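Student: A single structure is presented below for examination.
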Amino acid sequence: MAGRPQADRRLALFGGALAGSGLFAFLIIVPPGHYGTVACDTYSAPHLFALAAAGISFAAAGCLSSRLGSPWRRAVALAIPACLSVAGLVYLFPECRGGPYSAVSRYVITDWLGHIAQEKSLLDRPDIVLSPQIGGIALVLLGAVAIVAAGLKPPHKRNLVLFAAFTLLALLHGYFLVRYFRYLGFFASLGLILTVAALLGRERTQGSILSGTLTAHLPSAPAMLAPGLLLVAATIGSYFVRHVPKDLPPSGANFAGDCDPDQGARLVWPQGASILSPPNLGIQILAAEPEGRATIVATSHHPAWRGIERAFRFLAPRTPEPRIYLDQSKATHVAICAWRGPSSAILEKSFPLTAALMEGHPPAWLSECPLLPASPIRVYRYPAAGGAGSACPAAEDTAPAARADSGTRP
């Protein structure tokens, strides 16, 4: 952009490489039959469009660089196509404007995602900020902010400014969505090194381990540390000056899927079975079903949000007729973690259907399948579904194939 020697060629080559890599990745990742499928949370047509448009813009700006003259004109030549590309994305793929969870229902976002800690920001995680873990969090924040402070100090070093820009994006991403905080350490590590270099100013002499291009023009140590310390203090202080939403009350599906079915015998499901279970249990059943004899209604991945909602509503105490969600799911079986200890009055009062199924007391429209007495899960067949609903799964080590329910219980 500054018009350095060979800059126009490098810019054009970068643009061509970016567009070509985007197309190459598309052909590798996306199956041929899904080229026209729009997926906002996985690589698909919108992502290819964005990379291709950006690459073509860079290549065109590089080819026209000598005619554009000043760096400002070249910057405008890139900014205009960038704005047009964003407008094109919004127009062609409106379903992606709300992010990867735009299609997920409000019910699932509240009752399922609302209980997943990594989907929250640091401002909603007192279990981290108001705990000893804040020490490690503060170290990462200090390092990340130090990089940004170093990038802002003139004379600006191009490489450091770019790294600082990416660090700022990573900082914002990780701060407001904890799941991405793990990646911030990569950027913060350099910031911590530069902070040490700023603190040990006398050691940055020619030939020392702390001497170099990046450390030659660092801000003062207070200038690098102060913004990070303010951010840490503001994060901690926010819990004392604002109302922090309390954790949502648990749903029956949250704890009814918290067990390990691998601790019991592997089950062989009837051909064509469809299993409704809490999402965390469903994904484990799916992993143990390599033959594909059965389908799983709900797994713990947001693209399966319709099945997740049906599983949660099925077990919700406020649902007047749970069978509706069995019928909507075309489920033939219900799987749930087994509770084999003494009856829990609190559980039975708060989640009557969940407790009844976990304790082995199903309603009349479900029939329990006989499993080993120590099985970590209980399975119920739904006779009204017909087909596979007339048979129970069999333990692999005791029976080679699915058998009809004998009506006995473990």
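Residues are referred to by chain and number: the chain letter is A, B, ... according to the order shown in the structure tokens, the number counts from 1 in that chain, and ligands are numbered separately from 1 in the order shown.
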Quick check for you: according to DSSP on this backbone, which residues of segment 245-277 of chain A are classed as strand (DSSP E)? Reply as a PyMOL selection string.
Tutor: chain A and resi 267-268+273-276
Student: Where does DSSP see helix (DSSP H, G or I) in segment 52-207 of chain A, if you list the residues as a PyMOL selection string?
Tutor: chain A and resi 52-63+65-68+71-92+94-96+106-111+113-115+117-119+122-124+126-129+134-152+158-176+178-199+201-203
Student: What is the atom CA of Glu289 of chain A to atom CA of Leu353 of chain A distance in Å?
Tutor: 26.7 Å
Student: In Å, rounded to a single decimal, give me how far atom CA of Val104 of chain A is from atom CA of Cys83 of chain A.
Tutor: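 A separation of 28.1 Å between them.
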Student: Set the distance at 9 Å and use only C-alpha atoms: which residues neighbour Cys63 of chain A once local chain neighbours fewer than 5 positions away are removed? I'd like the list as a short mmCIF file (atom, residue, chain, number, x, y, z; two decimals) with C-alpha atoms, in the first residue's frame.
Tutor:
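Writing done, so here's around.cif:
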```cif
data_model
loop_
_atom_site.label_atom_id
_atom_site.label_comp_id
_atom_site.auth_asym_id
_atom_site.auth_seq_id
_atom_site.Cartn_x
_atom_site.Cartn_y
_atom_site.Cartn_z
CA ASP A 8 2.20 -4.15 -6.52
CA ARG A 9 3.46 -7.58 -7.57
CA LEU A 11 -0.14 -7.59 -3.51
CA ALA A 12 -1.38 -9.17 -6.74
CA PHE A 58 -6.15 -7.51 -3.68
#
```
Student: Which one is closest to Arg313 of chain A: A:Thr37, A:Thr235, A:Gln263, A:Asn254? Count only C-alpha atoms.
Tutor: A:Asn254
Student: Measuring between only C-alpha atoms, which one of A:Leu357, A:Ala345, A:Ala82, A:Leu152 shows the shortest distance to Ser277 of chain A?
Tutor: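 When distances to Ser277 of chain A are compared using only C-alpha atoms, the smallest one comes from A:Leu357.
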Student: Excluding Ala331 of chain A and residues on its chain fewer than 5 positions from it, collect all residues at most 12 Å away from it, counting only C-alpha atoms, and give them as a PyMOL selection string.
Tutor: chain A and resi 272-277+294-298+307+310-311+314+323-326+366+380-390
Student: Export N, CA and C atoms of the chosen residues as a PDB file, in the first residue's frame?
Tutor:
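Saved result, out_7.pdb, follows:
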```pdb
ATOM      1  N   GLY A 272     -33.447 -49.700  12.259  1.00  0.00           N
ATOM      2  CA  GLY A 272     -34.428 -48.637  12.069  1.00  0.00           C
ATOM      3  C   GLY A 272     -34.847 -47.941  13.345  1.00  0.00           C
ATOM      4  N   ALA A 273     -34.193 -48.248  14.477  1.00  0.00           N
ATOM      5  CA  ALA A 273     -34.545 -47.597  15.736  1.00  0.00           C
ATOM      6  C   ALA A 273     -34.186 -46.112  15.686  1.00  0.00           C
ATOM      7  N   SER A 274     -34.988 -45.313  16.349  1.00  0.00           N
ATOM      8  CA  SER A 274     -34.726 -43.882  16.488  1.00  0.00           C
ATOM      9  C   SER A 274     -34.769 -43.555  17.975  1.00  0.00           C
ATOM     10  N   ILE A 275     -33.661 -43.048  18.512  1.00  0.00           N
ATOM     11  CA  ILE A 275     -33.483 -42.933  19.957  1.00  0.00           C
ATOM     12  C   ILE A 275     -33.557 -41.478  20.388  1.00  0.00           C
ATOM     13  N   LEU A 276     -34.510 -41.182  21.272  1.00  0.00           N
ATOM     14  CA  LEU A 276     -34.600 -39.863  21.885  1.00  0.00           C
ATOM     15  C   LEU A 276     -33.912 -39.921  23.241  1.00  0.00           C
ATOM     16  N   SER A 277     -32.934 -39.080  23.453  1.00  0.00           N
ATOM     17  CA  SER A 277     -32.179 -39.066  24.700  1.00  0.00           C
ATOM     18  C   SER A 277     -31.633 -37.670  24.918  1.00  0.00           C
ATOM     19  N   ALA A 294     -29.279 -47.577  14.071  1.00  0.00           N
ATOM     20  CA  ALA A 294     -30.203 -46.653  14.721  1.00  0.00           C
ATOM     21  C   ALA A 294     -29.830 -45.216  14.402  1.00  0.00           C
ATOM     22  N   THR A 295     -30.786 -44.322  14.537  1.00  0.00           N
ATOM     23  CA  THR A 295     -30.539 -42.886  14.400  1.00  0.00           C
ATOM     24  C   THR A 295     -30.742 -42.224  15.756  1.00  0.00           C
ATOM     25  N   ILE A 296     -30.055 -41.111  15.967  1.00  0.00           N
ATOM     26  CA  ILE A 296     -30.112 -40.394  17.235  1.00  0.00           C
ATOM     27  C   ILE A 296     -30.834 -39.068  17.005  1.00  0.00           C
ATOM     28  N   VAL A 297     -31.820 -38.795  17.818  1.00  0.00           N
ATOM     29  CA  VAL A 297     -32.611 -37.573  17.651  1.00  0.00           C
ATOM     30  C   VAL A 297     -31.807 -36.333  18.048  1.00  0.00           C
ATOM     31  N   ALA A 298     -31.077 -36.397  19.152  1.00  0.00           N
ATOM     32  CA  ALA A 298     -30.380 -35.211  19.684  1.00  0.00           C
ATOM     33  C   ALA A 298     -28.942 -35.539  20.031  1.00  0.00           C
ATOM     34  N   GLY A 307     -33.595 -31.484  17.278  1.00  0.00           N
ATOM     35  CA  GLY A 307     -33.649 -32.662  18.136  1.00  0.00           C
ATOM     36  C   GLY A 307     -33.371 -32.311  19.587  1.00  0.00           C
ATOM     37  N   ARG A 310     -36.511 -30.936  21.112  1.00  0.00           N
ATOM     38  CA  ARG A 310     -37.508 -31.975  21.394  1.00  0.00           C
ATOM     39  C   ARG A 310     -37.128 -32.796  22.613  1.00  0.00           C
ATOM     40  N   ALA A 311     -35.829 -33.106  22.768  1.00  0.00           N
ATOM     41  CA  ALA A 311     -35.389 -33.866  23.938  1.00  0.00           C
ATOM     42  C   ALA A 311     -35.599 -33.064  25.220  1.00  0.00           C
ATOM     43  N   PHE A 314     -39.330 -32.731  25.926  1.00  0.00           N
ATOM     44  CA  PHE A 314     -39.876 -34.025  26.347  1.00  0.00           C
ATOM     45  C   PHE A 314     -39.694 -34.219  27.848  1.00  0.00           C
ATOM     46  N   ARG A 323     -45.534 -36.998  24.969  1.00  0.00           N
ATOM     47  CA  ARG A 323     -45.566 -37.902  23.804  1.00  0.00           C
ATOM     48  C   ARG A 323     -45.554 -37.140  22.477  1.00  0.00           C
ATOM     49  N   ILE A 324     -45.966 -35.874  22.514  1.00  0.00           N
ATOM     50  CA  ILE A 324     -45.960 -35.077  21.286  1.00  0.00           C
ATOM     51  C   ILE A 324     -44.567 -35.063  20.679  1.00  0.00           C
ATOM     52  N   TYR A 325     -43.552 -34.949  21.540  1.00  0.00           N
ATOM     53  CA  TYR A 325     -42.185 -34.826  21.039  1.00  0.00           C
ATOM     54  C   TYR A 325     -41.601 -36.168  20.628  1.00  0.00           C
ATOM     55  N   LEU A 326     -42.110 -37.250  21.179  1.00  0.00           N
ATOM     56  CA  LEU A 326     -41.744 -38.570  20.658  1.00  0.00           C
ATOM     57  C   LEU A 326     -42.297 -38.738  19.250  1.00  0.00           C
ATOM     58  N   LEU A 366     -44.805 -46.112  27.744  1.00  0.00           N
ATOM     59  CA  LEU A 366     -43.440 -46.588  27.528  1.00  0.00           C
ATOM     60  C   LEU A 366     -43.251 -47.920  28.225  1.00  0.00           C
ATOM     61  N   TYR A 380     -36.160 -47.415  27.103  1.00  0.00           N
ATOM     62  CA  TYR A 380     -37.594 -47.678  27.012  1.00  0.00           C
ATOM     63  C   TYR A 380     -37.988 -47.714  25.540  1.00  0.00           C
ATOM     64  N   ARG A 381     -38.828 -48.647  25.209  1.00  0.00           N
ATOM     65  CA  ARG A 381     -39.358 -48.670  23.840  1.00  0.00           C
ATOM     66  C   ARG A 381     -40.717 -47.973  23.832  1.00  0.00           C
ATOM     67  N   TYR A 382     -41.064 -47.436  22.687  1.00  0.00           N
ATOM     68  CA  TYR A 382     -42.316 -46.691  22.522  1.00  0.00           C
ATOM     69  C   TYR A 382     -43.194 -47.483  21.558  1.00  0.00           C
ATOM     70  N   PRO A 383     -44.010 -48.390  22.070  1.00  0.00           N
ATOM     71  CA  PRO A 383     -44.777 -49.291  21.199  1.00  0.00           C
ATOM     72  C   PRO A 383     -45.648 -48.570  20.186  1.00  0.00           C
ATOM     73  N   ALA A 384     -46.157 -47.384  20.530  1.00  0.00           N
ATOM     74  CA  ALA A 384     -47.042 -46.672  19.614  1.00  0.00           C
ATOM     75  C   ALA A 384     -46.340 -46.267  18.334  1.00  0.00           C
ATOM     76  N   ALA A 385     -45.016 -46.241  18.339  1.00  0.00           N
ATOM     77  CA  ALA A 385     -44.273 -45.867  17.135  1.00  0.00           C
ATOM     78  C   ALA A 385     -44.290 -46.971  16.095  1.00  0.00           C
ATOM     79  N   GLY A 386     -44.549 -48.209  16.523  1.00  0.00           N
ATOM     80  CA  GLY A 386     -44.525 -49.327  15.591  1.00  0.00           C
ATOM     81  C   GLY A 386     -43.123 -49.637  15.117  1.00  0.00           C
ATOM     82  N   GLY A 387     -42.995 -50.551  14.183  1.00  0.00           N
ATOM     83  CA  GLY A 387     -41.686 -50.878  13.615  1.00  0.00           C
ATOM     84  C   GLY A 387     -40.699 -51.295  14.675  1.00  0.00           C
ATOM     85  N   ALA A 388     -39.567 -50.593  14.717  1.00  0.00           N
ATOM     86  CA  ALA A 388     -38.512 -50.931  15.668  1.00  0.00           C
ATOM     87  C   ALA A 388     -38.949 -50.717  17.108  1.00  0.00           C
ATOM     88  N   GLY A 389     -40.027 -49.981  17.324  1.00  0.00           N
ATOM     89  CA  GLY A 389     -40.514 -49.744  18.668  1.00  0.00           C
ATOM     90  C   GLY A 389     -41.073 -50.981  19.337  1.00  0.00           C
ATOM     91  N   SER A 390     -41.213 -52.068  18.584  1.00  0.00           N
ATOM     92  CA  SER A 390     -41.704 -53.311  19.172  1.00  0.00           C
ATOM     93  C   SER A 390     -40.580 -54.184  19.703  1.00  0.00           C
TER      94      SER A 390
END
```
Student: Please indicate the distance in Å from atom CA of Tyr35 of chain A to atom CA of Tyr91 of chain A, rounded to one decimal place.
Tutor: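 Distance between the two atoms: 18.5 Å.
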Student: For segment 161-167 of chain A, work out the shell of residues within 12 Å, counting only C-alpha atoms and skipping chain neighbours fewer than 3 positions away, then give it as an MDAnalysis selection string.
Tutor: chainID A and resid 140:158 170:175 181 183:191 214
Student: Of the candidates A:Phe176, A:Phe351, A:Trp112, A:Trp339, which shows the shortest atom-to-atom distance to Ala304 of chain A, using only C-alpha atoms?
Tutor: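 With only C-alpha atoms as the atom set, the closest residue is A:Trp112.
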Student: Mind checking which residues fall within 12 Å of Leu48 of chain A, counting only C-alpha atoms, ignoring those fewer than 2 positions away in the same chain, and posting them as an mmCIF file with N, CA and C atoms, in the first residue's frame?
Tutor:
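Saved file around-v3.cif follows:
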```cif
data_model
loop_
_atom_site.group_PDB
_atom_site.id
_atom_site.type_symbol
_atom_site.label_atom_id
_atom_site.label_comp_id
_atom_site.auth_asym_id
_atom_site.auth_seq_id
_atom_site.Cartn_x
_atom_site.Cartn_y
_atom_site.Cartn_z
ATOM 1 N N LEU A 18 -4.790 -15.999 -2.186
ATOM 2 C CA LEU A 18 -5.923 -16.038 -1.259
ATOM 3 C C LEU A 18 -7.162 -16.609 -1.941
ATOM 4 N N ALA A 19 -7.474 -16.120 -3.133
ATOM 5 C CA ALA A 19 -8.645 -16.628 -3.858
ATOM 6 C C ALA A 19 -8.447 -18.085 -4.242
ATOM 7 N N GLY A 20 -7.247 -18.433 -4.719
ATOM 8 C CA GLY A 20 -6.983 -19.816 -5.101
ATOM 9 C C GLY A 20 -7.042 -20.772 -3.930
ATOM 10 N N SER A 21 -6.504 -20.361 -2.770
ATOM 11 C CA SER A 21 -6.556 -21.215 -1.582
ATOM 12 C C SER A 21 -7.987 -21.418 -1.112
ATOM 13 N N GLY A 22 -8.793 -20.335 -1.192
ATOM 14 C CA GLY A 22 -10.192 -20.468 -0.806
ATOM 15 C C GLY A 22 -10.927 -21.469 -1.673
ATOM 16 N N LEU A 23 -10.666 -21.427 -2.980
ATOM 17 C CA LEU A 23 -11.313 -22.369 -3.893
ATOM 18 C C LEU A 23 -10.804 -23.784 -3.653
ATOM 19 N N PHE A 24 -9.498 -23.935 -3.457
ATOM 20 C CA PHE A 24 -8.912 -25.248 -3.222
ATOM 21 C C PHE A 24 -9.483 -25.871 -1.948
ATOM 22 N N ALA A 25 -9.584 -25.067 -0.881
ATOM 23 C CA ALA A 25 -10.152 -25.561 0.373
ATOM 24 C C ALA A 25 -11.611 -25.954 0.192
ATOM 25 N N PHE A 26 -12.337 -25.184 -0.604
ATOM 26 C CA PHE A 26 -13.750 -25.488 -0.848
ATOM 27 C C PHE A 26 -13.900 -26.851 -1.519
ATOM 28 N N LEU A 27 -13.056 -27.119 -2.509
ATOM 29 C CA LEU A 27 -13.152 -28.386 -3.229
ATOM 30 C C LEU A 27 -12.755 -29.570 -2.356
ATOM 31 N N ILE A 29 -13.015 -29.602 1.188
ATOM 32 C CA ILE A 29 -13.865 -29.723 2.377
ATOM 33 C C ILE A 29 -15.309 -30.040 2.030
ATOM 34 N N VAL A 30 -15.842 -29.409 0.991
ATOM 35 C CA VAL A 30 -17.275 -29.520 0.687
ATOM 36 C C VAL A 30 -17.508 -30.650 -0.305
ATOM 37 N N TYR A 35 -22.258 -28.291 -2.940
ATOM 38 C CA TYR A 35 -21.628 -27.032 -3.325
ATOM 39 C C TYR A 35 -22.573 -25.845 -3.154
ATOM 40 N N GLY A 36 -23.851 -26.061 -3.344
ATOM 41 C CA GLY A 36 -24.812 -24.973 -3.216
ATOM 42 C C GLY A 36 -25.404 -24.833 -1.835
ATOM 43 N N THR A 37 -24.994 -25.695 -0.893
ATOM 44 C CA THR A 37 -25.539 -25.651 0.458
ATOM 45 C C THR A 37 -24.904 -24.508 1.247
ATOM 46 N N VAL A 38 -25.737 -23.734 1.916
ATOM 47 C CA VAL A 38 -25.262 -22.617 2.727
ATOM 48 C C VAL A 38 -25.193 -23.073 4.178
ATOM 49 N N ALA A 39 -23.999 -23.076 4.749
ATOM 50 C CA ALA A 39 -23.803 -23.397 6.164
ATOM 51 C C ALA A 39 -23.017 -22.249 6.786
ATOM 52 N N CYS A 40 -23.617 -21.587 7.760
ATOM 53 C CA CYS A 40 -22.992 -20.400 8.331
ATOM 54 C C CYS A 40 -21.884 -20.739 9.320
ATOM 55 N N THR A 42 -19.866 -23.689 9.141
ATOM 56 C CA THR A 42 -18.812 -24.518 8.563
ATOM 57 C C THR A 42 -18.481 -23.959 7.186
ATOM 58 N N TYR A 43 -17.330 -24.351 6.676
ATOM 59 C CA TYR A 43 -16.873 -23.804 5.399
ATOM 60 C C TYR A 43 -17.843 -24.175 4.286
ATOM 61 N N SER A 44 -18.356 -23.170 3.606
ATOM 62 C CA SER A 44 -19.338 -23.398 2.549
ATOM 63 C C SER A 44 -19.316 -22.194 1.608
ATOM 64 N N ALA A 45 -20.375 -22.055 0.814
ATOM 65 C CA ALA A 45 -20.425 -21.014 -0.211
ATOM 66 C C ALA A 45 -20.169 -19.601 0.324
ATOM 67 N N PRO A 46 -20.735 -19.175 1.469
ATOM 68 C CA PRO A 46 -20.459 -17.810 1.940
ATOM 69 C C PRO A 46 -18.979 -17.558 2.211
ATOM 70 N N ALA A 50 -16.478 -14.861 0.308
ATOM 71 C CA ALA A 50 -15.719 -13.829 1.012
ATOM 72 C C ALA A 50 -14.239 -13.887 0.651
ATOM 73 N N LEU A 51 -13.655 -15.093 0.631
ATOM 74 C CA LEU A 51 -12.231 -15.223 0.318
ATOM 75 C C LEU A 51 -11.945 -14.881 -1.142
ATOM 76 N N ALA A 52 -12.824 -15.346 -2.029
ATOM 77 C CA ALA A 52 -12.619 -15.063 -3.448
ATOM 78 C C ALA A 52 -12.738 -13.564 -3.727
ATOM 79 N N ALA A 53 -13.736 -12.919 -3.140
ATOM 80 C CA ALA A 53 -13.911 -11.484 -3.351
ATOM 81 C C ALA A 53 -12.719 -10.700 -2.801
ATOM 82 N N ALA A 54 -12.238 -11.099 -1.622
ATOM 83 C CA ALA A 54 -11.077 -10.418 -1.046
ATOM 84 C C ALA A 54 -9.837 -10.633 -1.908
ATOM 85 N N GLY A 55 -9.635 -11.871 -2.376
ATOM 86 C CA GLY A 55 -8.472 -12.160 -3.206
ATOM 87 C C GLY A 55 -8.482 -11.402 -4.511
ATOM 88 N N ILE A 56 -9.641 -11.354 -5.150
ATOM 89 C CA ILE A 56 -9.749 -10.624 -6.419
ATOM 90 C C ILE A 56 -9.508 -9.133 -6.195
ATOM 91 N N SER A 85 -18.187 -6.369 -1.163
ATOM 92 C CA SER A 85 -18.172 -7.787 -0.804
ATOM 93 C C SER A 85 -19.057 -8.052 0.408
ATOM 94 N N LEU A 89 -22.341 -10.367 0.582
ATOM 95 C CA LEU A 89 -22.554 -11.454 1.545
ATOM 96 C C LEU A 89 -23.907 -11.329 2.233
ATOM 97 N N PHE A 93 -26.536 -14.160 1.281
ATOM 98 C CA PHE A 93 -26.643 -15.141 2.367
ATOM 99 C C PHE A 93 -27.223 -14.476 3.620
#
```
Student: Considering only C-alpha atoms, state which residue in the set A:Asp327, A:Pro32, A:Ala60, A:Phe49 is at the smallest distance from Arg10 of chain A.
Tutor: A:Ala60
Student: Of the candidates A:Ile336, A:Pro261, A:Ala17, A:Ala138, which shows the shortest atom-to-atom distance to Leu230 of chain A, using only C-alpha atoms?
Tutor: A:Ala138
